[in-house]
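Reviewing the structure listed below.
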Amino acid sequence: MIELKTESACSKTLLPLVVGGLTITCEDNMELMSRYPDNYFDLAIVDPPYGIGINVSMGRRKGDKKSKYHKFAGNDNETPTAEYFNELKRVSKNQIVWGGNYMIENLTPSPCWLMWDKGFSEDVTFAQFELAWTSFTSSAKKFDKHPSQQHRIHPTQKPTTLYKWILDKYAKQGDKILDTHLGSGSIAIACHDYKYELTACELDEEYFNKAKQRIINHVAQQSLF
Ligand SMILES: C[S@@+](CC[C@H](N)C(=O)[O-])C[C@H]1O[C@@H](n2cnc3c(N)ncnc32)[C@H](O)[C@@H]1O
């Protein structure tokens, strides 16, 4: 029997989703992080806006018609501020930052970058691979297994298999995980399947609601087996 419940602790109008080890809220990430003491999270895996202003066209090929995704409510044209990174490093022991190559002014030199090779041909208008900065000192690694088509609800949705690969490599059972930019909720599905405790938030109400429904559907489906 699975337990799906909502709680009214959230300061916003939308109630958080609390299911298993997942706590998902609709709020600004600075607000979320302000509630936690230093080093509370073992690992932050975050995917902030890259500040390149083309999020709503991502995922399209040359010649494709208009994007089906709505414009972000959040300030998606700007990378997070120095205050955000200070707060992220305060509340978490280690960090993985997707799009770190767009935010180097707030990051330190690292030997351990991650590369997600999307496996697309050169006719796509978006990047063929993405990079993540990490606070780890091990060697750089590449994830190149592009999954079969997953149901997309977000323009910059990352595959759950990518998050599972990261958890396998950089987390250990019992770790508390933080995501300050939930988007579609792919990380929540990975954390649920691998039994990690995840705290995450999303600023955009529409994406929060879609992610919430996606997570509820996934958890309910898993409980059938
Ligand atoms: C690059 S997307 C994340 C995609 C996600 N990794 C996935 O797999 O679907 C960034 C998300 O952060 C959200 N966002 C932007 N600013 C935020 C903030 N200050 N607090 C919380 N979420 C924010 C945006 O609405 C967007 O959905």
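Quick note on naming: the chains in the structure tokens go A, B, ... in the order shown, residues restart at 1 in each chain, and ligands are numbered from 1 in order of appearance.
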
Nearby polymer residues, ligand 1, at most 8 Å, only C-alpha atoms and all ligand atoms, as a VMD selection string
chain A and resid 26 to 30 46 to 50 55 72 to 76 80 153 to 160 180 to 187 201 to 204 207 to 208

I'd like the contact shell of segment 163-169 of chain A - 12 Å cut-off, only C-alpha atoms, skipping same-chain residues fewer than 2 positions apart - returned as an NGL selection string.
:A and (42-47 or 95-98 or 112-116 or 132 or 134 or 136 or 138-147 or 157-161 or 171-179 or 185-198)

Segment 38-224 of chain A: residues DSSP assigns to strand (DSSP E or B), reported as JSON, numbers by chain
{"A": [41, 42, 43, 44, 45, 46, 61, 92, 93, 94, 95, 96, 97, 98, 114, 115, 116, 117, 124, 129, 130, 131, 132, 133, 134, 141, 142, 143, 176, 177, 178, 179, 197, 198, 199, 200, 201]}

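Here atom CA of Phe120 of chain A and atom CA of Ile215 of chain A stand 27.2 Å from one another.
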
A:Ser121, A:Asn77, A:Ser92, A:Thr199 ranked by distance to Phe41 of chain A, top pick (using only C-alpha atoms)
A:Ser92

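Distances to Ser110 of chain A were evaluated for A:Ala211, A:Phe126, A:Asn94, A:Thr137 using only C-alpha atoms, and the minimum falls at A:Thr137.
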
Interatomic distance (Å, one decimal) between atom CA of Thr125 of chain A and atom CA of Gly100 of chain A
20.2 Å

Any idea what the distance is between atom CA of Pro37 of chain A and atom CA of Ile24 of chain A?
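If I compute the distance from atom CA of Pro37 of chain A to atom CA of Ile24 of chain A, I get 18.2 Å.
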
Looking at A:Leu32, A:Gly21, A:Trp133, A:Ala127, which one is nearest to Val91 of chain A, with distances taken over only C-alpha atoms?
A:Leu32

From a DSSP pass on the backbone, collect the residues of segment 135-214 of chain A flagged as helix (DSSP H, G or I) and hand them back as a list of chain:residue names.
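Here is the list: A:Thr160, A:Thr161, A:Leu162, A:Tyr163, A:Lys164, A:Trp165, A:Ile166, A:Leu167, A:Asp168, A:Lys169, A:Tyr170, A:Ser186, A:Ile187, A:Ala188, A:Ile189, A:Ala190, A:Cys191, A:His192, A:Asp193, A:Glu205, A:Glu206, A:Tyr207, A:Phe208, A:Asn209, A:Lys210, A:Ala211, A:Lys212, A:Gln213, A:Arg214.
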
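The residue that comes closest to Pro16 of chain A, out of A:Ile104, A:Asn217, A:Asn209, A:Ser223 and on the basis of only C-alpha atoms, is A:Asn209.
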
For each of A:Pro109, A:Leu88, A:Gly99, A:Ile216, take the minimum atom-to-atom distance to Phe129 of chain A, counting only C-alpha atoms, then give the residue where this is smallest.
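Closest residue, counting only C-alpha atoms: A:Gly99.
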